[in-house]
$ cat data37.txt   # compact mmCIF, C-alpha atoms
# COMPACT_ATOMS: atom_id res chain seq x y z
CA MET K 1 125.82 130.33 79.36
CA THR K 2 128.63 132.74 78.50
CA GLY K 3 128.98 136.47 78.27
CA SER K 4 129.36 138.19 74.93
CA GLY K 5 130.81 141.37 73.57
CA SER K 6 133.17 143.69 75.39
CA VAL K 7 132.30 144.63 78.90
CA ALA K 8 133.62 147.44 81.03
CA PRO K 9 136.25 146.40 83.60
CA THR K 10 134.68 145.55 86.92
CA ALA K 11 135.85 145.67 90.50
CA PRO K 12 137.51 142.54 91.97
CA GLY K 13 134.60 142.14 94.39
CA ALA K 14 132.11 142.12 91.55
CA VAL K 15 134.20 139.57 89.66
CA ARG K 16 134.31 137.29 92.68
CA LEU K 17 130.54 137.67 93.10
CA ARG K 18 129.94 136.86 89.46
CA ARG K 19 132.18 133.78 89.72
CA LEU K 20 130.17 132.67 92.75
CA VAL K 21 126.92 133.24 90.90
CA ILE K 22 128.13 131.24 87.89
CA ALA K 23 129.50 128.42 90.05
CA THR K 24 126.28 128.23 92.06
CA HIS K 25 124.17 128.23 88.92
CA ARG K 26 126.34 125.55 87.32
CA ASP K 27 126.49 123.17 90.28
CA VAL K 28 122.89 123.54 91.40
CA GLY K 29 121.88 123.16 87.76
CA TYR K 30 123.75 119.88 87.40
CA PHE K 31 122.31 118.60 90.67
CA ILE K 32 118.68 119.28 89.90
CA ALA K 33 118.68 118.71 86.14
CA GLY K 34 117.48 115.12 86.45
CA LEU K 35 114.61 115.90 88.77
CA THR K 36 113.65 118.89 86.63
CA VAL K 37 113.21 116.59 83.63
CA ILE K 38 111.15 114.17 85.73
CA TYR K 39 108.96 116.96 87.11
CA ALA K 40 108.53 118.54 83.69
CA VAL K 41 107.39 115.28 82.12
CA SER K 42 105.00 114.68 85.02
CA GLY K 43 103.79 118.27 84.84
CA ILE K 44 102.75 117.88 81.21
CA ALA K 45 101.18 114.51 82.01
CA VAL K 46 99.03 115.75 84.89
CA ASN K 47 98.12 118.98 83.10
CA HIS K 48 96.06 116.83 80.75
CA ILE K 49 94.48 114.62 83.42
CA ASP K 50 91.03 115.35 82.02
CA ASP K 51 92.00 113.63 78.79
CA TRP K 52 93.88 110.60 80.05
CA ASN K 53 94.99 108.73 83.13
CA PRO K 54 98.59 109.82 83.70
CA SER K 55 99.45 107.09 86.20
CA TYR K 56 97.57 103.96 85.18
CA VAL K 57 96.55 102.15 82.04
CA VAL K 58 93.07 100.78 82.64
CA ARG K 59 91.40 98.61 80.05
CA SER K 60 88.12 96.77 80.26
CA GLU K 61 86.25 94.37 78.06
CA VAL K 62 82.88 92.68 78.37
CA VAL K 63 82.78 88.90 78.21
CA GLU K 64 79.64 86.77 78.09
CA LEU K 65 80.00 83.61 80.16
CA GLY K 66 76.47 82.35 79.82
CA PRO K 67 74.00 81.76 82.67
CA LEU K 68 75.53 81.14 86.07
CA PRO K 69 74.08 78.81 88.68
CA ASP K 70 72.35 80.05 91.81
CA ALA K 71 75.17 79.34 94.24
CA PRO K 72 76.91 80.85 97.26
CA THR K 73 79.25 83.75 96.54
CA GLU K 74 82.52 81.82 96.81
CA GLU K 75 81.30 79.04 94.56
CA LEU K 76 80.06 81.54 92.01
CA ALA K 77 83.43 83.26 91.98
CA ALA K 78 85.19 79.93 91.49
CA GLU K 79 82.87 79.12 88.58
CA VAL K 80 83.51 82.49 86.96
CA LEU K 81 87.27 82.04 87.26
CA ARG K 82 87.03 78.50 85.89
CA ARG K 83 85.07 79.65 82.86
CA LEU K 84 87.51 82.47 82.24
CA GLY K 85 90.45 80.09 82.62
CA ILE K 86 91.95 82.12 85.44
CA ASP K 87 94.09 80.11 87.81
CA GLU K 88 94.53 82.72 90.50
CA ARG K 89 93.27 82.95 94.04
CA PRO K 90 91.09 86.07 94.32
CA ARG K 91 92.18 88.84 96.60
CA SER K 92 88.55 89.16 97.65
CA VAL K 93 85.05 88.46 96.45
CA VAL K 94 82.16 90.78 97.27
CA ARG K 95 78.48 90.36 96.52
CA MET K 96 77.75 94.00 95.78
CA ALA K 97 74.07 93.28 95.21
CA PRO K 98 71.87 90.27 94.61
CA LEU K 99 72.59 90.62 90.90
CA GLN K 100 76.18 91.73 91.02
CA LEU K 101 79.37 90.04 92.11
CA LYS K 102 82.83 91.53 92.14
CA VAL K 103 85.96 89.40 92.06
CA PHE K 104 89.21 91.18 92.81
CA LEU K 105 92.43 89.72 91.48
CA ASP K 106 95.89 91.19 91.25
CA ASN K 107 95.43 94.33 89.10
CA ARG K 108 92.29 92.81 87.62
CA ASN K 109 88.66 93.21 88.66
CA LEU K 110 85.76 91.17 87.38
CA THR K 111 82.28 92.63 87.71
CA VAL K 112 79.84 89.82 87.16
CA GLY K 113 76.20 90.33 86.28
CA LEU K 114 74.01 87.61 87.71
CA PRO K 115 72.54 85.33 86.65
CA VAL K 116 73.23 86.11 83.00
CA GLY K 117 77.01 85.86 83.34
CA THR K 118 78.01 89.16 81.76
CA VAL K 119 81.50 89.97 83.00
CA THR K 120 83.22 93.32 82.79
CA ASP K 121 86.88 92.37 82.93
CA GLU K 122 88.96 95.37 83.95
CA ARG K 123 92.73 95.19 83.98
CA SER K 124 95.04 97.89 85.15
CA ARG K 125 98.74 98.45 85.31
CA ARG K 126 100.99 101.29 86.25
CA ARG K 127 101.98 103.50 83.34
CA ILE K 128 105.70 102.86 83.06
CA ALA K 129 107.88 105.82 84.10
CA PHE K 130 104.89 108.16 84.35
CA PHE K 131 103.60 106.48 87.53
CA GLU K 132 106.95 106.97 89.21
CA ALA K 133 107.37 110.53 87.89
CA ASN K 134 103.91 111.48 89.13
CA TYR K 135 104.54 109.77 92.44
CA LEU K 136 107.52 112.05 92.98
CA HIS K 137 106.08 115.19 91.44
CA LEU K 138 102.75 115.00 93.30
CA ASN K 139 104.56 113.95 96.47
CA HIS K 140 102.42 110.89 97.07
CA GLY K 141 105.09 109.47 99.33
CA LYS K 142 105.09 112.44 101.73
CA GLY K 143 107.57 112.13 104.61
CA LEU K 144 111.21 112.42 103.62
CA TRP K 145 110.38 113.27 100.03
CA THR K 146 108.66 116.46 101.20
CA TRP K 147 111.98 117.70 102.53
CA PHE K 148 113.89 116.78 99.42
CA ALA K 149 111.21 118.39 97.24
CA ASP K 150 111.45 121.56 99.33
CA ALA K 151 115.21 121.54 98.84
CA TYR K 152 114.65 121.09 95.12
CA ALA K 153 112.34 124.11 95.11
CA VAL K 154 115.03 126.15 96.84
CA GLY K 155 117.42 124.91 94.16
CA LEU K 156 115.07 126.20 91.47
CA LEU K 157 114.93 129.56 93.22
CA LEU K 158 118.71 129.65 93.26
CA LEU K 159 118.81 128.79 89.56
CA ALA K 160 116.38 131.58 88.75
CA CYS K 161 118.08 134.16 90.94
CA THR K 162 121.60 133.34 89.77
CA GLY K 163 120.58 132.81 86.15
CA ILE K 164 119.50 136.38 85.60
CA PHE K 165 122.86 137.72 86.75
CA ILE K 166 125.16 135.43 84.79
CA VAL K 167 125.42 137.37 81.57
CA PRO K 168 126.46 141.00 81.87
CA GLY K 169 125.91 143.72 79.32
CA LYS K 170 123.42 144.04 76.52
CA LYS K 171 122.38 140.42 76.56
CA GLY K 172 121.92 140.47 80.32
CA LEU K 173 119.73 142.52 82.61
CA GLY K 174 121.05 145.66 81.00
CA GLY K 175 119.38 144.82 77.70
CA ARG K 176 117.59 141.88 76.14
CA GLY K 177 117.58 139.93 79.40
CA ARG K 178 115.56 142.62 81.13
CA TRP K 179 112.83 142.49 78.47
CA LEU K 180 112.69 138.72 78.45
CA LEU K 181 112.46 138.74 82.24
CA LEU K 182 109.58 141.20 82.13
CA ALA K 183 107.88 139.26 79.32
CA GLY K 184 108.08 136.09 81.38
CA LEU K 185 106.43 137.84 84.31
CA ALA K 186 103.87 139.53 82.10
CA VAL K 187 102.45 136.28 80.72
CA PRO K 188 101.10 134.91 84.05
CA LEU K 189 100.04 138.39 85.18
CA ALA K 190 98.16 139.01 81.94
CA TYR K 191 96.49 135.61 82.23
CA LEU K 192 95.35 136.39 85.79
CA VAL K 193 93.99 139.76 84.74
CA TRP K 194 92.20 138.15 81.79
CA LYS K 195 90.64 135.48 84.04
CA ALA K 196 89.59 138.06 86.62
CA TRP K 197 88.00 140.21 83.93
CA MET R 1 128.45 100.29 107.59
CA ARG R 2 126.40 97.42 106.15
CA ARG R 3 124.59 97.05 109.46
CA THR R 4 123.76 100.73 109.49
CA VAL R 5 122.39 100.58 105.95
CA GLY R 6 120.46 97.42 106.81
CA ALA R 7 118.94 99.03 109.89
CA LEU R 8 118.01 102.07 107.84
CA VAL R 9 116.27 99.93 105.23
CA VAL R 10 114.32 98.10 107.93
CA MET R 11 113.36 101.40 109.57
CA ILE R 12 112.11 102.81 106.28
CA ALA R 13 110.13 99.64 105.66
CA VAL R 14 108.54 99.73 109.11
CA VAL R 15 107.61 103.42 109.02
CA GLY R 16 104.18 103.77 107.45
CA LEU R 17 103.04 100.29 108.37
CA ALA R 18 100.51 99.84 111.11
CA SER R 19 97.64 97.73 112.23
CA ALA R 20 94.02 98.55 112.85
CA GLY R 21 92.60 95.57 114.65
CA ASP R 22 93.05 92.62 112.34
CA ILE R 23 93.91 94.85 109.39
CA GLN R 24 97.64 95.33 109.03
CA GLY R 25 99.12 97.39 106.31
CA THR R 26 100.06 100.79 105.03
CA ILE R 27 98.96 103.95 106.79
CA TYR R 28 97.39 106.76 104.78
CA GLY R 29 96.96 110.21 106.28
CA ALA R 30 96.52 110.12 110.04
CA GLY R 31 95.81 106.40 110.02
CA VAL R 32 93.13 104.90 112.22
CA THR R 33 92.73 105.80 115.88
CA ILE R 34 89.23 104.53 116.70
CA SER R 35 89.41 100.97 117.96
CA GLU R 36 85.90 99.81 117.10
CA PRO R 37 84.47 100.11 113.59
CA THR R 38 80.87 101.11 113.02
CA PRO R 39 79.17 98.61 110.70
CA ILE R 40 78.46 100.22 107.34
CA ALA R 41 74.95 98.79 107.37
CA THR R 42 74.31 100.59 110.68
CA LEU R 43 75.66 103.86 109.29
CA LEU R 44 73.48 103.70 106.21
CA SER R 45 70.35 102.52 107.96
CA LYS R 46 70.27 105.51 110.32
CA PRO R 47 72.60 108.00 108.70
CA GLY R 48 71.11 110.98 110.52
CA ASP R 49 72.30 109.57 113.84
CA PHE R 50 75.92 109.64 112.72
CA VAL R 51 76.19 112.86 110.75
CA GLY R 52 78.98 115.01 112.21
CA GLN R 53 80.47 112.14 114.18
CA LYS R 54 83.91 110.73 113.69
CA VAL R 55 83.58 107.07 112.85
CA ARG R 56 85.66 104.19 111.59
CA VAL R 57 84.50 101.75 108.94
CA ASP R 58 86.06 98.46 107.90
CA GLY R 59 85.54 96.58 104.69
CA VAL R 60 86.87 95.74 101.26
CA ILE R 61 87.94 98.46 98.84
CA THR R 62 85.60 98.10 95.88
CA GLY R 63 86.36 101.34 94.09
CA VAL R 64 89.11 103.93 93.91
CA CYS R 65 89.25 107.30 92.17
CA GLU R 66 91.06 106.22 89.02
CA LYS R 67 93.04 109.33 88.18
CA ARG R 68 93.63 111.14 91.44
CA GLY R 69 93.15 108.58 94.21
CA CYS R 70 91.04 111.15 96.05
CA TRP R 71 88.37 108.71 97.21
CA MET R 72 87.82 105.06 97.78
CA GLN R 73 84.70 103.00 98.29
CA VAL R 74 84.78 100.71 101.31
CA THR R 75 82.19 97.96 101.15
CA ASP R 76 81.03 95.55 103.78
CA PRO R 77 81.49 92.16 102.05
CA GLU R 78 78.58 90.67 103.99
CA SER R 79 75.89 93.20 103.10
CA GLY R 80 77.35 94.67 99.93
CA GLN R 81 76.71 98.15 101.25
CA GLY R 82 79.47 100.66 100.93
CA VAL R 83 80.49 104.14 101.90
CA ARG R 84 82.77 106.49 100.05
CA ILE R 85 85.84 107.81 101.84
CA LYS R 86 86.51 111.23 100.35
CA VAL R 87 89.82 112.88 101.05
CA GLU R 88 91.32 116.18 100.06
CA ASP R 89 92.99 116.01 96.66
CA GLY R 90 96.68 115.32 97.02
CA VAL R 91 96.67 115.21 100.81
CA ILE R 92 95.90 111.50 100.86
CA VAL R 93 96.21 109.47 97.68
CA PHE R 94 94.65 105.99 97.60
CA PRO R 95 96.44 103.76 95.09
CA TYR R 96 94.27 102.31 92.35
CA GLU R 97 95.79 98.87 92.83
CA SER R 98 94.48 98.71 96.39
CA MET R 99 91.10 97.56 95.07
CA GLY R 100 90.06 94.30 96.64
CA HIS R 101 92.24 94.82 99.69
CA ARG R 102 90.72 95.11 103.13
CA ALA R 103 90.84 98.53 104.71
CA ALA R 104 89.94 100.45 107.82
CA ALA R 105 89.18 104.11 107.34
CA GLU R 106 88.02 106.87 109.60
CA GLY R 107 86.74 110.36 109.28
CA THR R 108 83.70 112.52 109.84
CA PHE R 109 80.41 111.18 108.53
CA GLU R 110 78.76 113.80 106.36
CA ALA R 111 75.50 114.38 104.55
CA VAL R 112 75.98 116.14 101.26
CA LYS R 113 73.00 117.81 99.64
CA LEU R 114 73.08 117.44 95.87
CA THR R 115 71.85 119.85 93.27
CA PRO R 116 69.22 118.52 90.83
CA GLU R 117 71.90 118.39 88.14
CA GLN R 118 74.15 116.34 90.40
CA VAL R 119 71.30 113.97 91.24
CA ALA R 120 70.65 113.43 87.54
CA ALA R 121 74.35 112.98 86.80
CA ARG R 122 74.81 110.49 89.63
CA ALA R 123 71.75 108.53 88.63
CA GLU R 124 73.12 108.29 85.10
CA ALA R 125 76.58 107.32 86.35
CA ALA R 126 75.08 104.76 88.70
CA LYS R 127 73.04 103.32 85.87
CA GLN R 128 76.17 102.93 83.78
CA ALA R 129 78.11 101.47 86.69
CA ALA R 130 75.45 98.86 87.11
CA ALA R 131 75.47 97.96 83.44
CA GLY R 132 76.00 94.30 82.87
CA ALA R 133 73.86 91.86 84.71
CA ALA R 134 71.80 94.30 86.72
CA ALA R 135 70.89 96.33 83.67
CA ALA R 136 70.41 93.24 81.55
CA ALA R 137 68.03 91.84 84.12
CA GLY R 138 66.01 95.05 84.07
CA GLU R 139 67.19 96.14 87.49
CA PRO R 140 68.43 99.69 86.96
CA CYS R 141 70.15 101.42 89.85
CA ASP R 142 67.74 104.25 90.23
CA LYS R 143 64.48 102.40 90.43
CA ALA R 144 62.41 103.75 93.28
CA GLU R 145 62.01 100.59 95.34
CA ALA R 146 65.70 99.68 95.22
CA PRO R 147 68.07 102.46 96.22
CA ALA R 148 71.35 102.62 94.38
CA ALA R 149 73.24 101.11 97.31
CA LYS R 150 71.19 97.94 96.99
CA ALA R 151 71.63 97.70 93.26
CA GLY R 152 75.38 97.58 93.63
CA CYS R 153 76.13 101.07 92.43
CA ASP R 154 79.04 102.86 93.96
CA ALA R 155 77.25 105.96 95.13
CA PRO R 156 74.38 105.49 97.53
CA VAL R 157 71.89 108.09 96.33
CA GLN R 158 69.08 108.61 98.80
CA ASN R 159 66.80 111.31 97.50
CA ASP R 160 69.01 114.32 96.98
CA THR R 161 71.44 113.55 99.80
CA ILE R 162 74.49 111.36 99.77
CA TYR R 163 76.44 110.24 102.78
CA LEU R 164 80.17 109.95 102.81
CA LEU R 165 83.07 109.86 105.17
CA ARG R 166 85.31 112.90 105.03
CA GLY R 167 88.41 110.80 105.52
CA THR R 168 91.28 111.72 107.78
CA GLY R 169 93.16 108.46 107.53
CA ALA R 170 93.14 104.81 106.67
CA VAL R 171 95.04 101.58 106.96
CA ILE R 172 95.05 99.47 103.82
CA GLN R 173 96.05 95.84 104.02
CA SER R 174 99.28 95.19 102.14

$ encode --input "data37.txt" --output "structure tokens"
Amino acid sequence: MTGSGSVAPTAPGAVRLRRLVIATHRDVGYFIAGLTVIYAVSGIAVNHIDDWNPSYVVRSEVVELGPLPDAPTEELAAEVLRRLGIDERPRSVVRMAPLQLKVFLDNRNLTVGLPVGTVTDERSRRRIAFFEANYLHLNHGKGLWTWFADAYAVGLLLLACTGIFIVPGKKGLGGRGRWLLLAGLAVPLAYLVWKAW
Amino acid sequence: MRRTVGALVVMIAVVGLASAGDIQGTIYGAGVTISEPTPIATLLSKPGDFVGQKVRVDGVITGVCEKRGCWMQVTDPESGQGVRIKVEDGVIVFPYESMGHRAAAEGTFEAVKLTPEQVAARAEAAKQAAAGAAAAAGEPCDKAEAPAAKAGCDAPVQNDTIYLLRGTGAVIQS
């Protein structure tokens, strides 16, 4: 951002302060630009969580295997895997009910209806890039990331506070900037008033 | 320098891992502090005796909140009975890919009274969850003589009350 138009001469102290403000805004801006993009993408993704799963892709299909024998749980699971052509050792097998068996594989769950052999085959995988962005944005990791995220928030505060003082004159707080600043504050306030009404 | 970095990596890897009895893995929330688990079958057979008490349950994770990770279903693989571990949104997040892993979880056992609308919604959801063999065999979840827990549905609906664990922590096998 740069100033525009002619500005009245200012005191050396004010010039130094403005240089500090610009330098702070510039350097903090560079430092947090990457994370801001990540958080913005995640923010849009989780805003619409009612419409989609922002972190995982989960797909399921129903497969008919035909009647299954009356057998112990482990044997039944082995038979289901054999018929599905899956050569993977299950993570676990649980008889949820006399007529329902669940076989858990790596990112894949089979819900087997007994004895008819109807299988709901659910596969899931992390949504590339979004999973990681949400992990950071929603602070699933806790611990050290909490501190870094706090520092990032302070960085945003610095950006906001320095940003409004960068441009002097009519395009700054003395003119258009003031109205844009007020408009930006008015939107959330108006929304809150509208919701409270 | 390399040693320092190596030690740091090992430290980061070790932090957040713990064991709860024979279950070793990643800690969520406050982890598990109670040494002896209460069998899920015992909890659900006399739920009134445990309401308000802090208990630990062990089992296999058979369900996880898909979008938010704000609950998981821990099921006893022997009996097929399960209890939902509900945590505050965002405070603890159970990963969806932890399904099928063994877990120990603890928290306060609670009875939650449902509204008639919630009862109807849960019965419908339970019916859909039990689609497949149970439904095909004419064994819907909400039939009177077989409570939802027995029909393999995720949410044990007993009249208009459900029981869950207000989770404070867990250890999930890695």

$ interface_residues --input "data37.txt" --of "chain K" --to "chain R" --cutoff "9 Å" --atoms "all atoms listed in the file" --output "ChimeraX atom specification"
/K:49-50,52-56,58,62,90-109,111-120,124-126,138-140,142

$ residues_around --input "data37.txt" --residues "segment 152-167 of chain K" --least-positions-apart "6" --cutoff "7 Å" --atoms "all atoms listed in the file" --output "PDB file with C-alpha atoms, keeping the file's coordinate frame"
ATOM      1  CA  THR K   2     128.630 132.740  78.500  1.00  0.00           C
ATOM      2  CA  GLY K   3     128.980 136.470  78.270  1.00  0.00           C
ATOM      3  CA  ARG K  18     129.940 136.860  89.460  1.00  0.00           C
ATOM      4  CA  VAL K  21     126.920 133.240  90.900  1.00  0.00           C
ATOM      5  CA  ILE K  22     128.130 131.240  87.890  1.00  0.00           C
ATOM      6  CA  HIS K  25     124.170 128.230  88.920  1.00  0.00           C
ATOM      7  CA  VAL K  28     122.890 123.540  91.400  1.00  0.00           C
ATOM      8  CA  GLY K  29     121.880 123.160  87.760  1.00  0.00           C
ATOM      9  CA  ILE K  32     118.680 119.280  89.900  1.00  0.00           C
ATOM     10  CA  LEU K 173     119.730 142.520  82.610  1.00  0.00           C
TER      11      LEU K 173
END

$ atom_distance --input "data37.txt" --atom1 "atom CA of Leu84 of chain K" --atom2 "atom CA of Gly66 of chain K"
11.3 Å

$ atom_distance --input "data37.txt" --atom1 "atom CA of Phe131 of chain K" --atom2 "atom CA of Ile86 of chain K"
27.1 Å

$ atom_distance --input "data37.txt" --atom1 "atom CA of Pro69 of chain K" --atom2 "atom CA of Arg83 of chain K"
12.5 Å
